[in-house]
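Engineer: model_2.cif (mmCIF, C-alpha atoms and all ligand atoms) pasted underneath:
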```
data_run
loop_
_atom_site.group_PDB
_atom_site.id
_atom_site.type_symbol
_atom_site.label_atom_id
_atom_site.label_comp_id
_atom_site.auth_asym_id
_atom_site.auth_seq_id
_atom_site.Cartn_x
_atom_site.Cartn_y
_atom_site.Cartn_z
ATOM 1 C CA MET J 1 0.000 0.000 0.000
ATOM 2 C CA ARG J 2 1.179 3.458 -0.802
ATOM 3 C CA LYS J 3 1.327 5.966 1.955
ATOM 4 C CA LYS J 4 -1.335 8.630 1.802
ATOM 5 C CA HIS J 5 0.365 11.434 0.012
ATOM 6 C CA PRO J 6 -0.271 15.042 0.907
ATOM 7 C CA ASN J 7 -1.333 17.139 -2.034
ATOM 8 C CA ILE J 8 1.122 19.823 -1.113
ATOM 9 C CA ARG J 9 4.657 19.445 -2.341
ATOM 10 C CA LYS J 10 7.934 21.231 -2.180
ATOM 11 C CA ASN J 11 8.010 24.478 -4.198
ATOM 12 C CA ASP J 12 4.232 24.827 -4.166
ATOM 13 C CA LYS J 13 2.863 28.235 -3.357
ATOM 14 C CA VAL J 14 0.600 28.204 -0.329
ATOM 15 C CA ILE J 15 -1.484 30.659 1.652
ATOM 16 C CA VAL J 16 -1.791 30.589 5.431
ATOM 17 C CA ARG J 17 -5.360 29.940 6.554
ATOM 18 C CA THR J 18 -5.187 30.327 10.315
ATOM 19 C CA GLY J 19 -3.174 31.995 13.023
ATOM 20 C CA LYS J 20 -1.508 35.348 13.271
ATOM 21 C CA GLU J 21 -0.075 35.168 9.784
ATOM 22 C CA VAL J 22 -3.317 34.404 8.003
ATOM 23 C CA GLY J 23 -3.250 35.474 4.369
ATOM 24 C CA LYS J 24 0.501 35.292 4.015
ATOM 25 C CA ILE J 25 1.733 33.538 0.897
ATOM 26 C CA GLY J 26 4.976 31.645 0.643
ATOM 27 C CA THR J 27 6.763 28.835 -1.092
ATOM 28 C CA VAL J 28 6.906 25.404 0.499
ATOM 29 C CA LEU J 29 10.490 24.598 1.419
ATOM 30 C CA LYS J 30 9.873 21.220 2.949
ATOM 31 C CA VAL J 31 7.059 18.737 3.486
ATOM 32 C CA ASP J 32 7.217 16.334 6.404
ATOM 33 C CA VAL J 33 4.853 13.557 5.405
ATOM 34 C CA GLU J 34 5.290 11.632 8.645
ATOM 35 C CA LYS J 35 4.295 14.532 10.870
ATOM 36 C CA GLY J 36 1.960 16.218 8.409
ATOM 37 C CA ARG J 37 3.899 19.427 8.605
ATOM 38 C CA VAL J 38 5.254 21.923 6.140
ATOM 39 C CA ILE J 39 7.887 24.603 6.260
ATOM 40 C CA VAL J 40 6.913 27.691 4.306
ATOM 41 C CA GLU J 41 9.414 30.315 3.278
ATOM 42 C CA LYS J 42 9.277 33.444 5.482
ATOM 43 C CA VAL J 43 6.187 32.233 7.339
ATOM 44 C CA ASN J 44 6.030 31.269 11.000
ATOM 45 C CA MET J 45 9.474 32.639 11.699
ATOM 46 C CA ILE J 46 11.054 31.880 15.028
ATOM 47 C CA LYS J 47 14.109 33.428 16.591
ATOM 48 C CA ARG J 48 16.922 31.216 17.682
ATOM 49 C CA HIS J 49 19.981 32.154 19.605
ATOM 50 C CA SER J 50 23.088 30.782 18.041
ATOM 51 C CA ARG J 51 26.554 30.341 19.395
ATOM 52 C CA PRO J 52 29.513 31.784 17.567
ATOM 53 C CA SER J 53 30.613 29.424 14.832
ATOM 54 C CA ALA J 54 32.525 29.426 11.590
ATOM 55 C CA LYS J 55 29.443 30.708 9.788
ATOM 56 C CA THR J 56 28.297 33.328 12.243
ATOM 57 C CA ALA J 57 31.412 34.890 13.666
ATOM 58 C CA GLN J 58 29.673 36.536 16.590
ATOM 59 C CA GLY J 59 26.726 34.277 17.080
ATOM 60 C CA GLY J 60 23.543 36.095 17.957
ATOM 61 C CA ILE J 61 19.952 35.719 16.912
ATOM 62 C CA ILE J 62 19.001 33.990 13.726
ATOM 63 C CA GLU J 63 15.530 33.747 12.264
ATOM 64 C CA LYS J 64 14.272 30.496 10.951
ATOM 65 C CA GLU J 65 11.010 29.070 9.646
ATOM 66 C CA ALA J 66 9.201 26.802 12.082
ATOM 67 C CA PRO J 67 7.154 23.892 10.728
ATOM 68 C CA MET J 68 3.398 24.331 10.670
ATOM 69 C CA HIS J 69 0.609 21.856 10.273
ATOM 70 C CA ILE J 70 -0.295 21.083 6.700
ATOM 71 C CA SER J 71 -3.982 21.788 7.370
ATOM 72 C CA ASN J 72 -3.096 25.389 8.186
ATOM 73 C CA VAL J 73 -2.106 26.137 4.642
ATOM 74 C CA MET J 74 -3.920 25.968 1.346
ATOM 75 C CA ILE J 75 -2.332 25.682 -2.056
ATOM 76 C CA VAL J 76 -2.438 28.677 -4.367
ATOM 77 C CA CYS J 77 -2.907 27.957 -8.032
ATOM 78 C CA ASN J 78 -0.113 29.329 -10.172
ATOM 79 C CA LYS J 79 -2.485 29.775 -13.097
ATOM 80 C CA CYS J 80 -5.492 31.580 -11.611
ATOM 81 C CA ALA J 81 -3.670 32.768 -8.464
ATOM 82 C CA GLU J 82 -6.556 31.699 -6.222
ATOM 83 C CA PRO J 83 -6.347 29.542 -3.112
ATOM 84 C CA THR J 84 -7.826 26.277 -4.275
ATOM 85 C CA ARG J 85 -8.398 22.614 -3.690
ATOM 86 C CA ILE J 86 -6.564 20.061 -5.705
ATOM 87 C CA GLY J 87 -8.141 17.527 -7.990
ATOM 88 C CA LYS J 88 -6.543 14.699 -9.872
ATOM 89 C CA ARG J 89 -6.661 14.000 -13.551
ATOM 90 C CA LYS J 90 -5.359 11.095 -15.528
ATOM 91 C CA LEU J 91 -3.501 11.980 -18.671
ATOM 92 C CA GLU J 92 -3.664 10.009 -21.905
ATOM 93 C CA ASP J 93 -0.415 8.271 -21.071
ATOM 94 C CA GLY J 94 -1.797 7.180 -17.715
ATOM 95 C CA THR J 95 0.092 9.555 -15.443
ATOM 96 C CA MET J 96 -1.830 11.365 -12.743
ATOM 97 C CA VAL J 97 -1.497 15.100 -12.466
ATOM 98 C CA ARG J 98 -2.807 17.527 -9.895
ATOM 99 C CA VAL J 99 -5.309 20.006 -11.238
ATOM 100 C CA CYS J 100 -6.731 23.205 -9.811
ATOM 101 C CA LYS J 101 -10.397 22.769 -8.903
ATOM 102 C CA LYS J 102 -11.087 26.420 -9.639
ATOM 103 C CA CYS J 103 -9.699 26.813 -13.143
ATOM 104 C CA GLY J 104 -9.107 23.175 -14.052
ATOM 105 C CA GLU J 105 -5.524 23.785 -15.105
ATOM 106 C CA PRO J 106 -2.796 21.288 -14.214
ATOM 107 C CA MET J 107 -0.719 22.265 -11.200
ATOM 108 C CA ASP J 108 2.335 20.334 -12.290
ATOM 109 C CA GLU J 109 4.501 21.417 -15.145
ATOM 110 C CA LYS J 110 5.419 18.592 -17.453
HETATM 111 ZN ZN ZN M 201 -6.406 27.640 -10.908
#
```
Once you've parsed the file, please lay out its structure as structure tokens.

Structural biologist:
Amino acid sequence: MRKKHPNIRKNDKVIVRTGKEVGKIGTVLKVDVEKGRVIVEKVNMIKRHSRPSAKTAQGGIIEKEAPMHISNVMIVCNKCAEPTRIGKRKLEDGTMVRVCKKCGEPMDEK
């Protein structure tokens, strides 16, 4: 059996649906299928204190994206630019592609 696959993938554009950053749009940097979490560029930033190292000569505070639950974001269609749900469509050659339920366009370039 295949693991249930989240419809959101790396490099997708998503919009935040809940929380203090609702409405923010960012690119998915990482999807954690096991935990059902995503990391979205510049969203849900947390501050971390870092020790001096080779990279950061003086140490200090660095900002970093914290993972958020996948249900807190919704994919944004890159064709119609609307937050949307994802459908599936089978192509003539049998491959499945994700399609936007609003405009019906494929979400995956190929
Ligand atoms: Zn669309």

Engineer: Check which residues of chain J sit at most 12 Å from ligand ZN 201 (chain M) using only C-alpha atoms and all ligand atoms, and return one row each with the closest pair of atoms and their distance in Å to one decimal, ordered by chain and rising number, as a Markdown table.

Structural biologist:
```
| residue | atom | partner | partner_atom | distance |
| --- | --- | --- | --- | --- |
| J:Lys13 | CA | M:ZN201 | ZN | 12.0 |
| J:Ile75 | CA | M:ZN201 | ZN | 9.9 |
| J:Val76 | CA | M:ZN201 | ZN | 7.7 |
| J:Cys77 | CA | M:ZN201 | ZN | 4.5 |
| J:Asn78 | CA | M:ZN201 | ZN | 6.6 |
| J:Lys79 | CA | M:ZN201 | ZN | 5.0 |
| J:Cys80 | CA | M:ZN201 | ZN | 4.1 |
| J:Ala81 | CA | M:ZN201 | ZN | 6.3 |
| J:Glu82 | CA | M:ZN201 | ZN | 6.2 |
| J:Pro83 | CA | M:ZN201 | ZN | 8.0 |
| J:Thr84 | CA | M:ZN201 | ZN | 6.9 |
| J:Arg85 | CA | M:ZN201 | ZN | 9.0 |
| J:Ile86 | CA | M:ZN201 | ZN | 9.2 |
| J:Gly87 | CA | M:ZN201 | ZN | 10.7 |
| J:Arg98 | CA | M:ZN201 | ZN | 10.8 |
| J:Val99 | CA | M:ZN201 | ZN | 7.7 |
| J:Cys100 | CA | M:ZN201 | ZN | 4.6 |
| J:Lys101 | CA | M:ZN201 | ZN | 6.6 |
| J:Lys102 | CA | M:ZN201 | ZN | 5.0 |
| J:Cys103 | CA | M:ZN201 | ZN | 4.1 |
| J:Gly104 | CA | M:ZN201 | ZN | 6.1 |
| J:Glu105 | CA | M:ZN201 | ZN | 5.8 |
| J:Pro106 | CA | M:ZN201 | ZN | 8.0 |
| J:Met107 | CA | M:ZN201 | ZN | 7.8 |
| J:Asp108 | CA | M:ZN201 | ZN | 11.5 |
```

Engineer: Mind pulling up the distance from atom CA of Arg89 of chain J to atom CA of Met74 of chain J?

Structural biologist: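 Interatomic distance, atom CA of Met74 of chain J to atom CA of Arg89 of chain J: 19.3 Å.
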
Engineer: Run through the PyMOL selection byres (((chain J and resi 9) around 8) and not hetatm) on the given coordinates and return the selected residues as a PyMOL selection string.

Structural biologist: chain J and resi 6-8+10-12+28+30-31

Engineer: Which residues come within 12 Å of Glu21 of chain J, counting only C-alpha atoms, excluding same-chain residues fewer than 4 positions away, as a ChimeraX atom specification?

Structural biologist: /J:15-17,25-26,40,42-45,68,72-73

Engineer: What's the separation between atom CA of Thr27 of chain J and atom CA of Arg51 of chain J, in Å to one decimal place?

Structural biologist: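 We find that atom CA of Thr27 of chain J and atom CA of Arg51 of chain J lie 28.5 Å from each other.
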
Engineer: What lies within 12 Å of Pro52 of chain J using all atoms listed in the file, ignoring chain neighbours under 6 positions off, as number ranges by chain?

Structural biologist: J: 58-62

Engineer: On this file, the PyMOL selection byres (((chain J and resi 64) around 7) and not hetatm) gives some set of residues; write that set as a list in words.

Structural biologist: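 Evaluating the PyMOL selection byres (((chain J and resi 64) around 7) and not hetatm) on these coordinates yields Met45, Ile46, Lys47, Ile62, Glu63, Glu65 and Ala66 of chain J.
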
Engineer: Please report the interatomic distance between atom CA of Val33 of chain J and atom CA of His69 of chain J in Å with one decimal.

Structural biologist: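 Calculated distance between atom CA of Val33 of chain J and atom CA of His69 of chain J is 10.5 Å.
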
Engineer: Padding of 8 Å on every side, edges along x, y and z, all listed atoms of segment 21-28 of chain J included: what centre and edge lengths in Å, to one decimal, does that box have, as AutoDock Vina command-line options?

Structural biologist:
```
--center_x 1.8 --center_y 30.4 --center_z 4.3 --size_x 26.2 --size_y 26.1 --size_z 26.9
```

Engineer: When you count only C-alpha atoms, which of these residues is closest to Arg37 of chain J: J:Gly19, J:Ser50, J:Ala57, J:Ser71?

Structural biologist: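 Using only C-alpha atoms, the shortest distance to Arg37 of chain J belongs to J:Ser71.
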